[in-house]
Each structure stands twice: as C-alpha cells, then as structure tokens.
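Colleague: Sharing a structure below in structure tokens format, with a few things to ask.
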Amino acid sequence: MSLALHHPVAAEIIARQQESPSIVSLTLRLEDRALADRFQFQPGQFNMLYLHGAGEIPVSISSDPSSPDPLVHTIRDVGRVSHGLAQLRPRDRVGLRGPFGRGWPVENARHRDVIVITGGLGCAPLVPVIDYVIQRRSAYGRLIIMQGVKHSDDLIWRERYAAWDAHPDTRVLLAADVGGKHWNGTVGPVTELFDQAQLRTGDSMAFLCGPEPMIRACVQRLLEEGLPADRIWISMERNMQCALGHCGHCQFGARFVCRDGPVFCYADIRHLFGRRGF
Amino acid sequence: MAGEKTRVAVHKFSSCDGCQLAFLNMGEALLTLFEQVDIVHFAEAGPVDPTAVVDISFVEGSLSTAADLQRIRAIRANSGFLVTIGACATAGGLQALRNVADQDDWVASVYATPDTISLLDKVTPINAQVKVDLEIHGCPVNTRQLTAALRSLLAGVTPVDEQDKLCLECKRRHHVCVMVTQGMPCMGPVTRTGCGALCPGVGRDCYGCYGAAENVNVSSLGGHFSTLQLDPAQTSHRLVSFNSADPAFSPGLAAGVKQND
Amino acid sequence: MEAPRSVNSFLPRKALDALLSALRDGGYDCAAPVVRDGAVVYTRLQAQDRLPHGISIQQAPGRYRVGFTDSPRNFSWANGPQALKPFVFTAHETLWSARRDPDGNLCFTEPDRNVDPVAIIGVRSCDLAALALQDRHFLDGACADPHYQARRASLFLVAVNCSHPSDTCFCVSTGDGPAASDGYDLLLDELDDGFVIQAGSPEGQKILDRLPVVSTTDRQLQDINRQNRHAAECQTRRLPPGNLEPALFANLDHPHWQTVAERCLSCGNCTSVCPTCFCYRELDQGTLDSDHSEHIREWDSCFTQGHSYIHGVTIRAGTDLRYRQWLAHKLGSWHSQYGRSGCVGCGRCISWCPVGIDLTEEVATIVGAAS
C-alpha cells in the first residue's frame with residue numbers, strides 16, 4: 001500500500017545509529033498512524049526522503065518488510081541532501097513518499113539457493129531479502145552472503161553478519177580490498193570469495209547490489225560459473241527525482257529505473273549494462 | 001550552530017561594490033536575515049571588523065596587489081565557508097583585461113603618478129590563491145542567488161551550483177530567441193544561468209556577464225557568430241569582457257588575441 | 001487526405017468573430033497565435049482582440065523569420081516556438097509546499113489546481129500528436145500527474161489543417177500531418193473566404209451548433225483537398241522510415257555522435273521547444289528563515305550535466321553522449337516506452353537550434369540511411 005505518491009507525509013526520527021563515519025541509519029515513524037498501519041513494502045523498494053528546504057533523495061528501505069513500522073533507512077553521506085539527512089537527530093522530522101519501484105523477486109527464488117552479493121553500502125537494500133529468507137528458512141536452499149568493502153574499517157553491521165552466519169545453511173563471506181588490524185576476512189575484491197562460496201549455480205538465484213564495476217565483475221563470474229542471466233538480479237542507481245517514471249532523469253535505455261526498477265533482471269538490461277553514457 | 005547565530009562577513013577586493021548591493025537589495029528580507037545571522041563585517045553596510053573569525057565569508061572582487069594576497073589568506077584562515085560573489089571574484093572581472101593588455105600603458109594612462117602604483121603581474125580570481133567553497137557568478141550577482149545560497153548554508157546543506165546554460169531559463173520564460181529570429185550574437189548558449197534571462201527578456205542578446213556555463217562549446221558558437229557578421233576579435237571581446245580569467249572562455253580569448261596581433 | 005463525408009459546414013470569414021464569441025460564451029478563455037518579438041506565440045486574447053491575419057513564416061535550420069502579407073488568412077504559416085506543451089506541462093510550477101512549525105513539525109500541502117477552461121485556436125496536427133504522446137507519458141499508468149491532468153482537462157482545441165508547412169517540417173514522414181485526424185474539438189480548413197469547419201467532440205459540436213455556418217460547396221471541398229495534398233507534397237525533409245530503435249542502438253559507437261558534438265552547444269533549446277520532451281527537475285525554494293519551502297518542478301534537459309548526475313559521477317559528461325541520449329531516446333527507445341517514435345515532425349528542434357543542427361540529417365547518417 002502506497003502513501004500519497006505526489007507529496008510527502010511527515011515522519012519523525014525515533015532513533016539514529018551512526019554505522020560508520022559516513023553511514024547513518026535513521027529509524028522513522030510515520031506521524032499519521034492510520035497511514036503507518038497501511039504501509040507495506042517489498043524487499044528492494046525505496047522511499048523518497050525529504051529534508052526540509054533542501055530536497056528529496058531516494059533511499060532504499062533496509063528494515064524487515066514483515067514489520068514495516070517503524071522504517072529503517074541507511075544513508076551514506078555522499079551528496080547535498082544525504083549529508084543534511086545524516087546530520088539529523090531523534091525527534092527531527094523528515095518528509096517521506098513511497099514505497100516506489102520493483103523490488104527483489106524473493107518469491108521466485110523459493111526452493112533455490114539464494115546468493116546475495118553486495119559491495120559497500122549495497123548491503124542495505126538487500127537486508128530485507130536476507131530477513132525474508134531467514135524468516136522462511138525451510139522454503140529456501142542455501143543462503144550465501146558475500147560482502148565486499150574497500151577497507152575493512154568500512155564494514156558495518158559486523159554483529160548482524162555474525163548472526164546471519166549462525167543460521168542453518170547460511171554462509172557469510174566477507175572481503176576487504178584493504179584489511180586492517182584484526183581482519184580475518186579475505187583481502188581482495190569480492191570476486192575473491194567465489195572459490196570459497198562453492199556455488200551450486202544449477203539451482204540458484206543471485207541478487208547483487210553495489211558499485212557497478214563490482215557488479216560487472218561479479219556478474220561475469222556468475223555467468224562463467226554457469227548461472228543463467230535470467231537468474232541474476234541487480235539493483236541500479238540513477239538520478240531519481242520524481243520516483244513516478246515522469247521526470248526522465250533515471251532512464252536507462254527504454255527503462256525508467258525508478259518505476260521499472262531499481263531491481264532488474266540482468267538478462268533484460270545486459271545489452272546496455274556497463275555501456276558508457278547509460 | 002544551535003543556540004548561537006551564524007557569523008557572517010562580507011569582504012571586498014578590486015571591484016565596483018555592486019555585488020554587495022545584492023544583500024542590501026533584499027529589502028524586508030534583511031530583517032529576517034538579521035534574525036538568522038550576525039553580520040560582523042560588511043563595510044558597505046556599516047559593521048567593520050575585517051579580521052573577525054566567521055562561519056561564512058562572502059568575498060567580492062579580484063586580487064590585484066600584494067596586500068590583497070595577504071588579506072585573502074587571512075580571510076580564508078578566519079572563515080569556515082568561503083563564498084566568492086561576482087565576476088571579479090570568480091573570473092577576474094573587467095580589471096583582469098589588463099592581463100591581456102600592455103599594463104604599463106594602462107597604468108600610465110590612468111594614474112598621474114604611475115610609479116606609486118604597485119600591482120601584481122596578473123589580476124586573479126580568488127580561487128587562484130585560496131580554496132573557495134562556493135562560487136556565485138554574475139556581474140553583478142543578484143539577491144535571489146545570495147538568498148538561495150544563504151538558505152542552504154543555514155540549513156546545513158551545500159548550496160546548489162547553478163551551471164546550466166542561460167537558454168534553458170530563457171525558454172522556460174518563453175522569451176523568443178533573439179539569435180534565431182533576429183540574428184543577434186547571443187551569448188546565452190555558453191553563458192551560465194542565474195540572471196533570469198534579463199537581456200533576452202527585453203529583446204537584446206545576452207552578453208555573457210554571468211560567465212561560462214558547464215560544458216560550453218565556444219568554438220562552435222564563435223563559428224556561428226562569424227556567420228552573423230562578427231569578426232574573431234568581436235567574438236573574443238564578447239567572451240572575455242567580464243570573465244577573461246575563466247579558462248572555459250580562453251579559446252575565444254586566444255582567437256581574438258591572434259586576430260588583434 | 002479526402003475530407004470526411006460529414007464535412008458540410010462552412011464558416012464565412014466575416015463570421016470568425018462569432019467563433020470567438022461562442023467560445024467565450026461557452027466559458028472558455030481564448031488563446032490564439034499572435035506575433036510577439038518576432039515569432040508566432042499563443043497568447044490569451046482580450047475581449048476586443050481579433051485574430052491577426054497575413055502572417056507568413058520562413059524557417060530554416062537555426063533561423064525563423066516572420067513576414068506580413070495582405071492575405072486575409074489567419075493561419076497561413078506553420079508553427080511558432082512552442083506547441084501545446086506549456087499549457088499542460090508548464091515550464092515552472094510548485095508541486096507541493098512544506099511548512100515547519102516552531103516545534104519542528106512538518107506539514108505538506110498541494111497547490112490549488114483549479115484551472116480556468118481555455119480554448120486554443122490554431123492547433124496543428126503535429127501539436128495534437130505531441131499532446132497525445134504527453135498524455136500517455138503523464139496520464140497513463142498508476143501515477144497520473146495531477147497537475148498535468150487538471151490543465152489537460154481544461155483544454156478546448158480548435159485545430160487547423162496545416163496549409164503552409166515550413167521548410168523545416170517533416171510531419172508527413174512521421175505520419176502526424178499535415179492534416180489532423182483526431183484529438184481536436186473543432187477542426188478548420190482555411191480558405192481565403194472562410195473555413196470549412198467540423199466538430200471532433202460533443203463539446204466541439206455544441207460550439208459548432210451556435211455558429212452562423214452555411215453548407216459547403218463541392219468547390220470548397222475540392223479546394224481543401226487540393227490544399228492538404230499540396231501541404232503534404234511540399235515537404236522536403238523526412239525521417240528514415242520505420243522503427244529506428246534497433247538501428248540507433250546498434251550504432252551507439254558511431255563516430256558521427258562526436259561529429260555532431262563538435263557543433264552542438266548542448267544548450268537544450270531543442271528539448272525546450274520539442275513538444276514531446278518531458279524531462280523536468282525538482283528543486284526546493286525556501287524562505288530565509290526556513291519555515292516555508294516550495295517544492296518546484298521546471299523543464300530540464302538531457303543536455304545538462306545535472307540530468308545524469310548521481311553523487312560524484314556524471315554519466316553523460318560529454319556532448320556526444322548527451323546528443324546520443326536525446327536522439328536515441330526520441331527516435332529509438334520511445335518505441336519501447338510508448339509504441340511509437342517521440343518525434344512528430346514539427347521541425348522546431350531544427351529551426352530553434354542556434355547552430356541549425358538538423359536531426360533528420362544526423363539520424364540518417366547514424367542509421368546509414370543518408371541519401
């Protein structure tokens with residue numbers, strides 16, 4: 001159930017977690033409680049968050065879709081509005097429109113192995129998928145989570161990874177391009193994890209999110225290992241302003257990333273993925 | 001900044017003082033501004049404390065003398081966020097035209113006692129000497145631009161850099177293109193937006209006082225001007241008059257200098 | 001191109017004012033093409049205003065000139081810099097506003113969307129085709145744009161079959177003109193002594209019923225058929241036929257993109273005058289005290305850096321990529337999105353390009369259809 005699509009509604013920040021020097025998680029409670037009761041989202045969908053007087057940005061929802069109130073958004077301080085949002089404190093208010101976009105096809109992955117490959121903050125849009133699978137653990141095959149970061153200090157949610165790793169048939173593999181002190185994960189790009197992962201590509205579905213060069217490298221590797229392109233799903237990030245498929249900025253060939261994505265089947269976009277200018 | 005007002009200074013170097021007027025032209029909004037900020041140095045308006053430590057400095061004018069260099073470094077050190085305002089501060093201004101002229105000749109023709117005048121070899125915009133956090137272009141800048149920048153800074157976000165071509169704003173206002181309908185050599189396709197398309201709005205061609213937009217194609221426009229009966233020197237003059245220290249306009253400058261030689 | 005059988009009403013030229021009166025009596029403001037600042041632009045007429053006549057227009061790449069003749073005709077010219085787009089998808093408008101109270105609460109409100117009905121007189125078939133495309137973009141699907149919708153519902157369209165295409169026109173090759181087929185309330189064919197007039201909607205019929213029309217003569221019908229044929233045959237520009245999407249996307253690395261970029265100013269004039277370009281950007285304008293902020297949209301262009309900017313990366317930094325985005329979308333991926341090309345052959349992007357870049361030539365080179 002969507003809220004007003006054309007203008008925001010007010011939400012209060014009820015908790016703020018500094019995940020790393022540049023990453024903040026905001027827990028939001030919709031002020032209109034009737035709306036909050038109706039609000040539902042799919043894993044991989046996003047909301048437009050509005051910072052008063054500054055503007056809106058798309059932020060994926062990183063909380064559990066089975067408990068959509070309150071909502072968690074994890075924000076990296078990389079731009080004008082995200083910097084402002086990252087400074088907010090509990091009791092501050094933001095505007096929220098959403099949820100928008102098509103999320104991860106978690107239902108189509110039932111009875112298969114689920115491969116989650118993420119880089120940097122790319123893990124945030126996939127946390128709801130991991131929650132979803134873990135809550136229905138017996139309905140899915142193995143869950144393999146591979147996460148890469150530039151520096152091991154950038155890795156957030158270490159406890160969460162450890163907790164996921166403790167679930168049956170679930171494996172968490174971590175890689176850092178640069179490993180700091182006490183790093184016992186792999187050193188190198190996330191593709192270094194493939195040998196340990198022992199993927200069963202004959203009956204798996206892969207979900208990827210992160211920097212595009214990382215996604216390209218991992219998709220290449222998955223294809224080489226025999227995973228068909230129509231079982232690889234990736235989340236795209238483009239300039240999204242309206243979130244309604246109208247303003248035109250996020251077009252990726254014929255697709256509007258905000259409306260037709262942000263999650264796409266690789267087979268549908270492979271002809272343009274990685275091409276300069278798209 | 002909670003609890004304490006933001007401290008603001010307005011400084012001036014070689015310039016006509018016109019950009020600072022954009023603050024004074026705020027009218028009633030000045031009262032709101034004074035509620036939001038403490039203006040601790042703004043000689044044109046009254047307060048004088050040139051060495052004050054401030055959150056935001058607005059700097060008008062370009063750097064012409066050795067004393068200017070000393071002063072801008074001190075201002076930089078005293079300022080949390082440094083905003084340059086106007087063509088002089090961002091791209092040299094009119095006085096930077098001496099960079100491409102015979103400077104001694106100019107000094108001799110202007111001053112009665114040229115030997116008392118001590119100048120740097122080149123006039124430079126502020127960003128050639130110190131780090132600038134935001135540039136607001138225009139000759140002069142206007143109240144809308146300053147208000148937008150202040151509003152963002154007070155809200156804790158980076159102001160938007162307005163860098164599109166003027167043509168977009170001209171079309172949004174439904175002005176009829178003076179180049180296409182009248183063959184006027186309009187600078188709109190290479191000029192930065194921000195003025196509100198004032199000149200095309202009164203039926204005259206943009207003369208580029210807001211400086212270069214992003215991703216300009218000076219050689220294509222210059223080539224088109226030649227079909228509108230402008231010679232390369234005239235095209236060069238249109239490009240460099242206010243913004244000669246802007247590297248994006250330098251291809252036109254080079255073409256014009258060659259022609260003048 | 002034959003006139004439909006139902007066409008049997010003729011409005012004598014001296015009764016044209018009766019059309020304006022009937023529209024005003026019907027509750028419509030009238031907007032009509034008048035000459036302003038060297039171009040034909042739609043302007044709201046005051047009560048005593050009459051339609052100008054004798055206007056002629058010459059268009060060429062990067063060039064538009066208005067002349068005047070002693071012709072009694074009101075519509076013997078092709079088009080001005082804007083089609084219907086500004087009436088429905090406005091260049092600058094507030095989408096919503098936000099107010100923050102002293103306790104930090106945020107309150108969001110949408111602007112009043114009451115729009116006075118307006119009758120636009122002199123609409124061309126290319127404009128109608130473009131409006132139908134913008135309707136699909138802004139109204140179809142789950143999230144119809146309420147601002148566009150309100151303005152669209154207020155329009156009454158008086159179309160005119162185009163009798164004097166410009167040299168830059170190529171609507172025949174896109175299938176969008178010069179005669180209008182649907183989407184109008186009233187349709188005129190202009191002759192020296194008056195107008196063959198027909199209704200295209202119940203609202204149009206209501207107005208038509210109030211006009212002092214007489215029966216058409218066979219001669220008048222022959223004249224308008226001949227006029228429409230001539231308007232089609234005189235067009236020299238054309239787009240390569242068919243769906244160009246596969247050919248354009250097969251030529252993304254064609255060296256000609258760079259050749260065009262050497263001339264292109266990436267100024268966005270083409271997208272601003274294009275009657276189907278729909279890109280807009282959103283921005284916020286607040287008061288100095290931050291209490292109140294307007295969330296605004298305004299026309300944007302794929303020729304700007306901001307169009308493809310995403311925290312630190314500009315996906316289309318160079319003009320070659322921006323021009324490619326525009327053309328490959330307009331003539332290519334539009335087919336996947338809306339089942340047809342995004343070009344209606346009005347030629348505005350050719351006339352109003354300051355350096356006269358002609359998309360019909362550029363696309364022919366890129367898809368290998370240059371004659």
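The way I read the labels, and the way they are meant: chains A, B, ... in the order of the structure tokens, residue 1 as the first residue of every chain, and ligand 1 as the first ligand shown, with later ones counted on from there.
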Write out as a PDB file with C-alpha atoms, in the first residue's frame the residues lying within 10 Å of B:Val123, counting only C-alpha atoms and excluding same-chain residues fewer than 5 positions away.
Modeller:
```pdb
ATOM      1  CA  SER B  14      39.161  45.095  -6.596  1.00  0.00           C
ATOM      2  CA  SER B  62      39.625  40.149  -7.651  1.00  0.00           C
ATOM      3  CA  LEU B  63      43.211  40.189  -6.419  1.00  0.00           C
ATOM      4  CA  SER B  64      45.417  42.936  -7.843  1.00  0.00           C
ATOM      5  CA  THR B  65      48.064  43.773  -5.252  1.00  0.00           C
ATOM      6  CA  CYS B  88      35.587  39.805 -10.399  1.00  0.00           C
ATOM      7  CA  ALA B  91      36.655  35.098 -13.088  1.00  0.00           C
ATOM      8  CA  GLY B  92      38.748  38.251 -12.819  1.00  0.00           C
ATOM      9  CA  GLY B  93      36.202  40.851 -13.812  1.00  0.00           C
ATOM     10  CA  LEU B  94      36.845  43.817 -16.050  1.00  0.00           C
ATOM     11  CA  GLN B  95      40.133  44.636 -14.353  1.00  0.00           C
ATOM     12  CA  ALA B  96      41.584  41.271 -15.443  1.00  0.00           C
ATOM     13  CA  LEU B  97      41.547  42.591 -19.002  1.00  0.00           C
ATOM     14  CA  ARG B  98      44.911  44.142 -18.158  1.00  0.00           C
ATOM     15  CA  ASN B  99      46.278  40.588 -18.159  1.00  0.00           C
ATOM     16  CA  ALA B 128      43.654  31.128  -7.891  1.00  0.00           C
ATOM     17  CA  ALA B 245      40.179  34.670 -16.253  1.00  0.00           C
TER      18      ALA B 245
END
```
Colleague: Using only C-alpha atoms, tabulate the residues of chain C lying at most 10 Å from any atom of chain B, each with its closest atom pair and that distance in Å to one decimal, by chain and increasing residue number, as a Markdown table.
Modeller:
```
| residue | atom | partner | partner_atom | distance |
| --- | --- | --- | --- | --- |
| C:Arg36 | CA | B:Val176 | CA | 8.0 |
| C:Asp37 | CA | B:Val176 | CA | 6.2 |
| C:Gly38 | CA | B:Thr181 | CA | 5.9 |
| C:Ala39 | CA | B:Val176 | CA | 6.8 |
| C:Val40 | CA | B:Val176 | CA | 9.3 |
| C:Val41 | CA | B:Val176 | CA | 8.8 |
| C:Gln59 | CA | B:Thr181 | CA | 9.5 |
| C:Ala60 | CA | B:Val180 | CA | 9.6 |
| C:Pro61 | CA | B:Val180 | CA | 9.0 |
| C:Gly62 | CA | B:Val180 | CA | 5.6 |
| C:Arg63 | CA | B:Val180 | CA | 4.7 |
| C:Tyr64 | CA | B:Thr181 | CA | 4.9 |
| C:Arg65 | CA | B:Thr181 | CA | 5.5 |
| C:Val66 | CA | B:Thr181 | CA | 8.0 |
| C:Gly80 | CA | B:Val176 | CA | 9.5 |
| C:Pro81 | CA | B:Val176 | CA | 7.6 |
| C:Gln82 | CA | B:His174 | CA | 8.4 |
| C:Pro86 | CA | B:Arg172 | CA | 8.9 |
| C:Thr90 | CA | B:Arg172 | CA | 8.4 |
| C:Ala91 | CA | B:Arg172 | CA | 5.0 |
| C:His92 | CA | B:Arg172 | CA | 7.0 |
| C:Ala261 | CA | B:Asn217 | CA | 8.8 |
| C:Glu262 | CA | B:Ser220 | CA | 6.8 |
| C:Arg263 | CA | B:Ser220 | CA | 5.2 |
| C:Cys264 | CA | B:Ser220 | CA | 7.3 |
| C:Leu265 | CA | B:Asn217 | CA | 5.3 |
| C:Ser266 | CA | B:Val216 | CA | 7.5 |
| C:Cys267 | CA | B:Pro189 | CA | 5.2 |
| C:Gly268 | CA | B:Leu168 | CA | 6.1 |
| C:Asn269 | CA | B:Cys167 | CA | 6.4 |
| C:Cys270 | CA | B:Leu168 | CA | 9.9 |
| C:Thr271 | CA | B:Leu168 | CA | 9.1 |
| C:Ser272 | CA | B:Lys171 | CA | 6.3 |
| C:Val273 | CA | B:Lys171 | CA | 7.8 |
| C:Leu283 | CA | B:Val160 | CA | 9.5 |
| C:Asp284 | CA | B:Ala148 | CA | 9.5 |
| C:Gln285 | CA | B:Ala148 | CA | 7.3 |
| C:Gly286 | CA | B:Arg151 | CA | 7.1 |
| C:Thr287 | CA | B:Arg151 | CA | 7.2 |
| C:Leu288 | CA | B:Arg151 | CA | 5.3 |
| C:Asp289 | CA | B:Thr32 | CA | 6.5 |
| C:Ser290 | CA | B:Arg151 | CA | 7.0 |
| C:Glu298 | CA | B:Arg172 | CA | 7.7 |
| C:Trp299 | CA | B:Arg172 | CA | 6.9 |
| C:Asp300 | CA | B:Leu168 | CA | 7.6 |
| C:Ser301 | CA | B:Leu168 | CA | 8.0 |
| C:Phe303 | CA | B:Asp164 | CA | 9.2 |
| C:Thr304 | CA | B:Asp164 | CA | 6.4 |
| C:Gln305 | CA | B:Glu214 | CA | 7.4 |
| C:Gly306 | CA | B:Asp164 | CA | 8.3 |
| C:Ala317 | CA | B:Asn215 | CA | 8.0 |
| C:Gly318 | CA | B:Asn215 | CA | 7.5 |
| C:Thr319 | CA | B:Asn215 | CA | 7.7 |
| C:Ser351 | CA | B:Val180 | CA | 7.5 |
| C:Trp352 | CA | B:Val180 | CA | 6.3 |
| C:Cys353 | CA | B:Val180 | CA | 7.8 |
| C:Pro354 | CA | B:Val180 | CA | 6.1 |
| C:Val355 | CA | B:His224 | CA | 6.3 |
| C:Gly356 | CA | B:Val180 | CA | 9.2 |
```
Colleague: At a cut-off of 8 Å, list the chain C residues touching chain A, using only C-alpha atoms, as a VMD selection string.
Modeller: chain C and resid 95 to 96 98 100 104 to 110 137 to 138 143 278 to 286 290 292 to 295 302 307 to 312 315 to 316 321 to 322 325 329 333 to 334 336 to 337
Colleague: Skipping near chain neighbours, those fewer than 6 positions away, what residues fall within 9 Å of C:Val196 using only C-alpha atoms, listed as an MDAnalysis selection string?
Modeller: chainID C and resid 7:12 187:190 216 220:221 224
Colleague: Using only C-alpha atoms, determine which residues of chain B fall within 7 Å of chain A; present them as a list in words.
Modeller: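 My answer is Ser152, Gly156, Val157 and Thr158 of chain B.
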Colleague: Between B:Ala45, B:Ala52, B:Ile72, B:Cys139, which one has atoms that come closest to B:Gly86, using only C-alpha atoms?
Modeller: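 Smallest distance to B:Gly86 is found for B:Cys139.
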Colleague: So how many Å separate atom CA of B:Lys12 and atom CA of B:Asp121, to one decimal?
Modeller: 20.1 Å
Colleague: When DSSP is applied to the backbone of this structure, which of stretch 81-198 of chain B are assigned alpha helix (DSSP H)? Write them out as a ChimeraX atom specification.
Modeller: /B:86-91,103-110,143-154,166-172,178-182,198
